[in-house]
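Trainee: This is the content of start_2.pdb (PDB, C-alpha atoms, pLDDT in the B column):
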ATOM      1  CA  MET A   1      31.645   0.688 -63.807  1.00 52.00           C
ATOM      2  CA  ALA A   2      29.543   1.737 -66.770  1.00 54.00           C
ATOM      3  CA  LYS A   3      26.864   4.353 -66.481  1.00 55.00           C
ATOM      4  CA  GLY A   4      24.114   1.809 -67.257  1.00 58.00           C
ATOM      5  CA  SER A   5      25.200  -0.571 -64.558  1.00 56.00           C
ATOM      6  CA  SER A   6      24.923   2.035 -61.764  1.00 56.00           C
ATOM      7  CA  GLY A   7      21.258   2.545 -62.666  1.00 55.00           C
ATOM      8  CA  PHE A   8      20.773  -1.196 -62.636  1.00 50.00           C
ATOM      9  CA  VAL A   9      22.393  -1.523 -59.166  1.00 50.00           C
ATOM     10  CA  ALA A  10      20.261   1.353 -57.846  1.00 52.00           C
ATOM     11  CA  GLY A  11      17.160  -0.423 -59.181  1.00 51.00           C
ATOM     12  CA  LEU A  12      18.166  -3.716 -57.533  1.00 50.00           C
ATOM     13  CA  THR A  13      18.829  -1.910 -54.234  1.00 54.00           C
ATOM     14  CA  ALA A  14      15.426  -0.230 -54.323  1.00 51.00           C
ATOM     15  CA  ALA A  15      13.744  -3.555 -55.092  1.00 51.00           C
ATOM     16  CA  ALA A  16      15.620  -5.273 -52.240  1.00 51.00           C
ATOM     17  CA  VAL A  17      14.593  -2.522 -49.792  1.00 50.00           C
ATOM     18  CA  ALA A  18      10.970  -2.872 -50.933  1.00 50.00           C
ATOM     19  CA  VAL A  19      11.064  -6.674 -50.461  1.00 45.00           C
ATOM     20  CA  VAL A  20      12.599  -6.358 -46.979  1.00 48.00           C
ATOM     21  CA  GLY A  21       9.978  -3.741 -46.051  1.00 49.00           C
ATOM     22  CA  PHE A  22       7.156  -5.990 -47.289  1.00 45.00           C
ATOM     23  CA  LEU A  23       8.517  -9.006 -45.359  1.00 47.00           C
ATOM     24  CA  ALA A  24       8.857  -6.889 -42.195  1.00 48.00           C
ATOM     25  CA  TYR A  25       5.246  -5.745 -42.594  1.00 47.00           C
ATOM     26  CA  GLN A  26       4.049  -9.345 -42.993  1.00 50.00           C
ATOM     27  CA  ALA A  27       6.037 -10.453 -39.936  1.00 48.00           C
ATOM     28  CA  SER A  28       4.634  -7.676 -37.762  1.00 49.00           C
ATOM     29  CA  ALA A  29       1.070  -8.338 -38.935  1.00 49.00           C
ATOM     30  CA  SER A  30       1.300 -11.999 -37.886  1.00 49.00           C
ATOM     31  CA  ALA A  31       3.134 -11.392 -34.566  1.00 46.00           C
ATOM     32  CA  PRO A  32       1.327 -12.365 -31.322  1.00 47.00           C
ATOM     33  CA  GLY A  33      -0.551  -9.507 -29.640  1.00 47.00           C
ATOM     34  CA  ASP A  34       1.951  -9.087 -26.823  1.00 45.00           C
ATOM     35  CA  LEU A  35       4.784  -8.626 -29.343  1.00 43.00           C
ATOM     36  CA  HIS A  36       2.830  -6.477 -31.780  1.00 43.00           C
ATOM     37  CA  PRO A  37       4.365  -3.011 -32.211  1.00 46.00           C
ATOM     38  CA  LYS A  38       1.015  -1.307 -32.776  1.00 45.00           C
ATOM     39  CA  ALA A  39      -0.865   0.168 -29.817  1.00 43.00           C
ATOM     40  CA  LYS A  40      -3.321  -2.290 -28.321  1.00 43.00           C
ATOM     41  CA  ASP A  41      -7.019  -1.652 -28.582  1.00 44.00           C
ATOM     42  CA  PRO A  42      -7.928  -0.097 -25.195  1.00 42.00           C
ATOM     43  CA  SER A  43     -11.324  -1.790 -25.220  1.00 42.00           C
ATOM     44  CA  THR A  44      -9.649  -5.212 -24.949  1.00 41.00           C
ATOM     45  CA  SER A  45      -7.291  -4.364 -22.105  1.00 42.00           C
ATOM     46  CA  PRO A  46      -8.241  -6.069 -18.809  1.00 45.00           C
ATOM     47  CA  SER A  47      -7.678  -2.828 -16.912  1.00 45.00           C
ATOM     48  CA  SER A  48      -9.626  -0.663 -19.331  1.00 44.00           C
ATOM     49  CA  PRO A  49     -13.146   0.615 -18.704  1.00 49.00           C
ATOM     50  CA  ALA A  50     -16.130  -1.236 -20.159  1.00 52.00           C
ATOM     51  CA  SER A  51     -17.044   1.551 -22.550  1.00 55.00           C
ATOM     52  CA  PRO A  52     -14.551   2.997 -25.042  1.00 60.00           C
ATOM     53  CA  GLY A  53     -13.548   6.541 -24.201  1.00 63.00           C
ATOM     54  CA  ALA A  54     -14.403   6.197 -20.488  1.00 63.00           C
ATOM     55  CA  LYS A  55     -11.582   6.948 -18.088  1.00 71.00           C
ATOM     56  CA  VAL A  56     -10.507   4.587 -15.319  1.00 66.00           C
ATOM     57  CA  PRO A  57     -10.693   6.418 -12.010  1.00 62.00           C
ATOM     58  CA  PRO A  58      -7.377   6.354 -10.142  1.00 65.00           C
ATOM     59  CA  LYS A  59      -7.197   4.075  -7.107  1.00 70.00           C
ATOM     60  CA  ASP A  60      -7.912   6.007  -3.928  1.00 77.00           C
ATOM     61  CA  PRO A  61      -4.735   5.721  -1.791  1.00 69.00           C
ATOM     62  CA  LEU A  62      -6.857   6.136   1.345  1.00 82.00           C
ATOM     63  CA  ALA A  63      -9.298   3.357   0.420  1.00 89.00           C
ATOM     64  CA  LEU A  64      -9.596   0.407   2.780  1.00 93.00           C
ATOM     65  CA  PRO A  65      -7.617  -2.551   1.374  1.00 91.00           C
ATOM     66  CA  ALA A  66      -9.956  -5.223  -0.023  1.00 87.00           C
ATOM     67  CA  ASN A  67      -8.262  -8.098   1.826  1.00 87.00           C
ATOM     68  CA  SER A  68      -8.583  -6.555   5.292  1.00 92.00           C
ATOM     69  CA  GLY A  69     -11.262  -8.798   6.764  1.00 91.00           C
ATOM     70  CA  ARG A  70     -14.748  -8.193   8.106  1.00 90.00           C
ATOM     71  CA  ASN A  71     -16.515  -6.699  11.115  1.00 92.00           C
ATOM     72  CA  ALA A  72     -15.233  -3.939  13.381  1.00 95.00           C
ATOM     73  CA  ARG A  73     -11.441  -3.815  13.325  1.00 97.00           C
ATOM     74  CA  VAL A  74      -8.262  -1.789  13.200  1.00 98.00           C
ATOM     75  CA  VAL A  75      -6.420  -2.347   9.916  1.00 97.00           C
ATOM     76  CA  TYR A  76      -2.690  -1.618   9.829  1.00 97.00           C
ATOM     77  CA  ALA A  77      -0.928  -1.789   6.424  1.00 96.00           C
ATOM     78  CA  LEU A  78       2.832  -2.007   6.950  1.00 96.00           C
ATOM     79  CA  ALA A  79       3.861  -0.986   3.417  1.00 94.00           C
ATOM     80  CA  GLU A  80       1.410   1.914   3.292  1.00 95.00           C
ATOM     81  CA  ARG A  81       2.212   3.090   6.837  1.00 96.00           C
ATOM     82  CA  ARG A  82      -1.503   3.639   7.358  1.00 97.00           C
ATOM     83  CA  VAL A  83      -4.242   2.654   9.807  1.00 97.00           C
ATOM     84  CA  TRP A  84      -7.987   2.385   9.173  1.00 97.00           C
ATOM     85  CA  LEU A  85     -10.603   2.230  11.940  1.00 97.00           C
ATOM     86  CA  VAL A  86     -13.438   0.163  10.468  1.00 97.00           C
ATOM     87  CA  GLU A  87     -16.943   0.180  11.990  1.00 95.00           C
ATOM     88  CA  GLU A  88     -19.055  -2.956  12.329  1.00 89.00           C
ATOM     89  CA  LYS A  89     -22.016  -1.624  10.385  1.00 85.00           C
ATOM     90  CA  GLY A  90     -21.514  -1.539   6.638  1.00 81.00           C
ATOM     91  CA  ASN A  91     -17.747  -2.096   6.746  1.00 86.00           C
ATOM     92  CA  LYS A  92     -17.467   1.701   6.905  1.00 92.00           C
ATOM     93  CA  VAL A  93     -14.150   3.458   7.554  1.00 94.00           C
ATOM     94  CA  ALA A  94     -14.593   5.765  10.541  1.00 94.00           C
ATOM     95  CA  ARG A  95     -11.091   7.213  10.175  1.00 96.00           C
ATOM     96  CA  THR A  96      -7.800   6.607   8.398  1.00 97.00           C
ATOM     97  CA  PHE A  97      -4.420   8.138   9.135  1.00 97.00           C
ATOM     98  CA  ALA A  98      -0.700   7.796   8.504  1.00 96.00           C
ATOM     99  CA  VAL A  99       1.584   6.270  11.129  1.00 97.00           C
ATOM    100  CA  MET A 100       5.313   5.899  11.713  1.00 96.00           C
ATOM    101  CA  PRO A 101       6.133   2.160  11.938  1.00 95.00           C
ATOM    102  CA  SER A 102       8.105   0.767  14.836  1.00 92.00           C
ATOM    103  CA  ALA A 103      11.614  -0.667  14.525  1.00 91.00           C
ATOM    104  CA  VAL A 104      10.170  -4.156  15.135  1.00 93.00           C
ATOM    105  CA  ASN A 105       7.102  -5.023  13.054  1.00 94.00           C
ATOM    106  CA  PRO A 106       4.439  -7.661  13.657  1.00 96.00           C
ATOM    107  CA  ALA A 107       3.929 -10.372  11.043  1.00 97.00           C
ATOM    108  CA  PRO A 108       0.881  -9.914   8.810  1.00 97.00           C
ATOM    109  CA  GLY A 109      -2.144 -11.578  10.368  1.00 97.00           C
ATOM    110  CA  SER A 110      -5.015 -11.116  12.770  1.00 97.00           C
ATOM    111  CA  TYR A 111      -4.523 -10.037  16.389  1.00 98.00           C
ATOM    112  CA  SER A 112      -6.621  -8.527  19.146  1.00 98.00           C
ATOM    113  CA  VAL A 113      -5.990  -5.672  21.559  1.00 98.00           C
ATOM    114  CA  ARG A 114      -4.307  -7.184  24.652  1.00 97.00           C
ATOM    115  CA  SER A 115      -3.643  -4.191  26.860  1.00 97.00           C
ATOM    116  CA  ARG A 116      -3.889  -0.423  27.023  1.00 97.00           C
ATOM    117  CA  SER A 117      -2.138   2.317  28.973  1.00 96.00           C
ATOM    118  CA  GLY A 118      -3.235   5.932  29.229  1.00 95.00           C
ATOM    119  CA  SER A 119       0.237   7.431  29.623  1.00 94.00           C
ATOM    120  CA  VAL A 120       3.694   5.847  29.948  1.00 95.00           C
ATOM    121  CA  ARG A 121       7.282   6.344  28.858  1.00 92.00           C
ATOM    122  CA  GLY A 122       8.030   4.456  25.638  1.00 87.00           C
ATOM    123  CA  SER A 123      10.944   2.069  25.225  1.00 81.00           C
ATOM    124  CA  ASP A 124      12.659   4.854  23.275  1.00 82.00           C
ATOM    125  CA  GLY A 125      12.393   7.199  26.287  1.00 85.00           C
ATOM    126  CA  VAL A 126       9.632   9.379  24.795  1.00 89.00           C
ATOM    127  CA  GLN A 127       6.554  10.171  26.914  1.00 94.00           C
ATOM    128  CA  ILE A 128       3.585   8.589  25.104  1.00 95.00           C
ATOM    129  CA  GLU A 129      -0.169   8.353  25.575  1.00 96.00           C
ATOM    130  CA  HIS A 130      -3.054   6.178  24.456  1.00 96.00           C
ATOM    131  CA  VAL A 131      -0.977   3.023  24.131  1.00 97.00           C
ATOM    132  CA  VAL A 132      -2.895   0.141  22.527  1.00 98.00           C
ATOM    133  CA  ARG A 133      -0.867  -3.111  22.503  1.00 97.00           C
ATOM    134  CA  PHE A 134      -1.798  -6.060  20.304  1.00 98.00           C
ATOM    135  CA  ALA A 135       1.286  -8.263  19.687  1.00 97.00           C
ATOM    136  CA  ASN A 136       4.703  -9.356  20.940  1.00 96.00           C
ATOM    137  CA  VAL A 137       7.677  -9.975  18.658  1.00 95.00           C
ATOM    138  CA  GLU A 138      11.003 -11.167  20.094  1.00 89.00           C
ATOM    139  CA  ASP A 139       9.971  -9.988  23.597  1.00 91.00           C
ATOM    140  CA  VAL A 140       9.051  -6.542  22.227  1.00 93.00           C
ATOM    141  CA  ALA A 141       5.499  -5.327  22.830  1.00 94.00           C
ATOM    142  CA  ILE A 142       3.951  -3.979  19.622  1.00 96.00           C
ATOM    143  CA  GLY A 143       1.315  -1.288  19.857  1.00 96.00           C
ATOM    144  CA  PHE A 144      -0.033   2.041  18.718  1.00 97.00           C
ATOM    145  CA  SER A 145       0.741   5.228  20.617  1.00 96.00           C
ATOM    146  CA  ALA A 146       1.068   8.986  20.287  1.00 96.00           C
ATOM    147  CA  ALA A 147       4.014  10.994  21.565  1.00 94.00           C
ATOM    148  CA  VAL A 148       2.837  13.635  24.038  1.00 94.00           C
ATOM    149  CA  ASP A 149       5.078  16.187  22.288  1.00 91.00           C
ATOM    150  CA  GLY A 150       3.297  15.413  18.989  1.00 88.00           C
ATOM    151  CA  THR A 151       6.370  14.080  17.153  1.00 87.00           C
ATOM    152  CA  MET A 152       6.362  11.114  14.807  1.00 88.00           C
ATOM    153  CA  ALA A 153      10.101  10.600  14.405  1.00 84.00           C
ATOM    154  CA  SER A 154      11.509   7.525  12.666  1.00 86.00           C
ATOM    155  CA  PRO A 155      12.573   4.907  15.201  1.00 85.00           C
ATOM    156  CA  ASP A 156      16.241   4.215  15.816  1.00 83.00           C
ATOM    157  CA  PRO A 157      16.867   0.992  13.836  1.00 83.00           C
ATOM    158  CA  ALA A 158      19.548  -0.023  16.354  1.00 84.00           C
ATOM    159  CA  ARG A 159      16.926  -0.208  19.154  1.00 87.00           C
ATOM    160  CA  LYS A 160      14.249  -2.874  19.379  1.00 89.00           C
ATOM    161  CA  THR A 161      11.136  -0.726  19.833  1.00 90.00           C
ATOM    162  CA  GLY A 162       7.519  -1.648  19.106  1.00 92.00           C
ATOM    163  CA  GLY A 163       5.747   1.699  19.202  1.00 93.00           C
ATOM    164  CA  ILE A 164       3.744   2.536  16.070  1.00 96.00           C
ATOM    165  CA  ARG A 165       3.434   6.311  16.379  1.00 96.00           C
ATOM    166  CA  MET A 166       0.655   8.572  15.227  1.00 96.00           C
ATOM    167  CA  LYS A 167      -0.479  12.161  15.712  1.00 96.00           C
ATOM    168  CA  ARG A 168      -2.180  12.899  19.019  1.00 96.00           C
ATOM    169  CA  GLU A 169      -5.636  13.467  17.499  1.00 97.00           C
ATOM    170  CA  ASP A 170      -5.359  10.115  15.694  1.00 97.00           C
ATOM    171  CA  GLY A 171      -4.229   8.538  18.969  1.00 96.00           C
ATOM    172  CA  ASP A 172      -7.357   9.927  20.654  1.00 97.00           C
ATOM    173  CA  ALA A 173      -9.573   8.328  17.982  1.00 97.00           C
ATOM    174  CA  LEU A 174      -7.759   4.987  18.159  1.00 98.00           C
ATOM    175  CA  TRP A 175      -7.969   5.001  21.978  1.00 97.00           C
ATOM    176  CA  GLU A 176     -11.746   5.394  21.817  1.00 97.00           C
ATOM    177  CA  PHE A 177     -12.119   2.749  19.108  1.00 97.00           C
ATOM    178  CA  ALA A 178      -9.607   0.021  20.031  1.00 97.00           C
ATOM    179  CA  THR A 179     -10.838  -1.388  23.316  1.00 97.00           C
ATOM    180  CA  ILE A 180      -9.596  -4.662  24.848  1.00 98.00           C
ATOM    181  CA  GLY A 181     -10.374  -7.560  22.506  1.00 97.00           C
ATOM    182  CA  LYS A 182     -10.881  -5.392  19.394  1.00 97.00           C
ATOM    183  CA  LYS A 183      -9.549  -7.091  16.270  1.00 97.00           C
ATOM    184  CA  VAL A 184      -6.351  -5.728  14.680  1.00 98.00           C
ATOM    185  CA  VAL A 185      -5.533  -6.872  11.145  1.00 97.00           C
ATOM    186  CA  VAL A 186      -1.941  -6.363   9.995  1.00 97.00           C
ATOM    187  CA  LEU A 187      -1.369  -6.378   6.238  1.00 97.00           C
ATOM    188  CA  PRO A 188       1.998  -6.573   4.435  1.00 95.00           C
TER     189      PRO A 188
END
Please re-express this file's structure in structure tokens.
Mentor:
Amino acid sequence: MAKGSSGFVAGLTAAAVAVVGFLAYQASASAPGDLHPKAKDPSTSPSSPASPGAKVPPKDPLALPANSGRNARVVYALAERRVWLVEEKGNKVARTFAVMPSAVNPAPGSYSVRSRSGSVRGSDGVQIEHVVRFANVEDVAIGFSAAVDGTMASPDPARKTGGIRMKREDGDALWEFATIGKKVVVLP
């Protein structure tokens, strides 16, 4: 190859790279917004705050779920493993606490407190107190309770038990709140 032709080839290569770069720029500029490589304008994002520069507060993990109903009720969220005691006036949360789900879970829906027992032995053999029953699933009574020894162990998945366990102080609060007929809302 002659010396002049290598300069010519280098020039053609540079021109080809420039053309490809220009075409890529044009393609990206006309791409739909969801395929656009540039960062989206935060003021147009549906989850962004109304004013630019404002920060979105993080969701409060203890906040009462929006789809939990109305009036005085006990709200039990299966996925969150949490209970809320909601007062009649102002839809105000009186207390919220973590629970250990039972081996058998109720279907999401609305129930009411059917029966209560001050102190009994649970189907898992543990002495429990403040038992508040609200459902039956496959002949298993489902209810809230607190182990007298204060434990909140995971249930044995091989046994069909319906006790939703909580700490004793939370059991005391639920016992006072969840009287016969009180609404219990179970969320997924």
Trainee: Quote the spacing between CA of Pro101 (chain A) and CA of Ala66 (chain A) in Å to one decimal place.
Mentor: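 Going from CA of Pro101 (chain A) over to CA of Ala66 (chain A), I get 21.4 Å.
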Trainee: Set the distance at 10 Å and use all atoms listed in the file: which residues neighbour region 139-141 of chain A once local chain neighbours fewer than 3 positions away are removed? I'd like the list as a list in words.
Mentor: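 Contacts, with the query itself left out: Val104, Asn105, Pro106, Ser123, Arg133, Phe134, Ala135, Asn136, Lys160, Thr161, Gly162 and Gly163 of chain A.
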Trainee: Using all atoms listed in the file, determine which residues lie at most 9 Å from Lys167 (chain A), disregarding the query and same-chain residues fewer than 3 positions distant; provide the list as number ranges by chain.
Mentor: A: 97-99, 145-147, 150-152, 170-172
Trainee: Nearest residue to Glu169 (chain A) out of A:Asn67, A:Thr96, A:Ser119, A:Ser154, using only C-alpha atoms?
Mentor: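 Nearest candidate to Glu169 (chain A) out of A:Asn67, A:Thr96, A:Ser119, A:Ser154: A:Thr96.
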Trainee: On this structure, which residues satisfy the PyMOL selection byres ((chain A and resi 113-118) around 8), written as a VMD selection string?
Mentor: chain A and resid 111 to 112 119 to 120 129 to 135 178 to 184
Trainee: For the atom pair CA of Pro157 (chain A) and CA of Ser102 (chain A), what is the interatomic distance in Å to one decimal place?
Mentor: 8.8 Å
Trainee: Report, in Å with one decimal, the straight-line distance from CA of Pro155 (chain A) to CA of Ser110 (chain A).
Mentor: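 Value for the CA of Pro155 (chain A)-CA of Ser110 (chain A) distance: 23.9 Å.
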Trainee: Can you spell out as a JSON list (two decimals) with C-alpha atoms, in the frame of the given file the set of residues that the PyMOL selection byres ((chain A and resi 92) around 12) selects in the structure I just provided?
Mentor:
[["chain", "number", "residue", "atom", "x", "y", "z"],
["A", 63, "ALA", "CA", -9.30, 3.36, 0.42],
["A", 64, "LEU", "CA", -9.60, 0.41, 2.78],
["A", 70, "ARG", "CA", -14.75, -8.19, 8.11],
["A", 71, "ASN", "CA", -16.52, -6.70, 11.12],
["A", 72, "ALA", "CA", -15.23, -3.94, 13.38],
["A", 73, "ARG", "CA", -11.44, -3.82, 13.32],
["A", 74, "VAL", "CA", -8.26, -1.79, 13.20],
["A", 84, "TRP", "CA", -7.99, 2.38, 9.17],
["A", 85, "LEU", "CA", -10.60, 2.23, 11.94],
["A", 86, "VAL", "CA", -13.44, 0.16, 10.47],
["A", 87, "GLU", "CA", -16.94, 0.18, 11.99],
["A", 88, "GLU", "CA", -19.06, -2.96, 12.33],
["A", 89, "LYS", "CA", -22.02, -1.62, 10.38],
["A", 90, "GLY", "CA", -21.51, -1.54, 6.64],
["A", 91, "ASN", "CA", -17.75, -2.10, 6.75],
["A", 93, "VAL", "CA", -14.15, 3.46, 7.55],
["A", 94, "ALA", "CA", -14.59, 5.76, 10.54],
["A", 95, "ARG", "CA", -11.09, 7.21, 10.18],
["A", 96, "THR", "CA", -7.80, 6.61, 8.40]]
Trainee: Would you please work out which residue, of A:Ile128, A:Ala107, A:Leu62, A:Arg121, is nearest to Glu80 (chain A) when using all atoms listed in the file?
Mentor: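 That would be A:Leu62, the residue with the smallest distance to Glu80 (chain A).
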Trainee: Name the residues in contact with Leu78 (chain A) at a cut-off of 8 Å, using all atoms listed in the file, excluding same-chain residues fewer than 2 positions from it; report them as JSON, numbers by chain.
Mentor: {"A": [76, 80, 81, 82, 101, 186, 187, 188]}
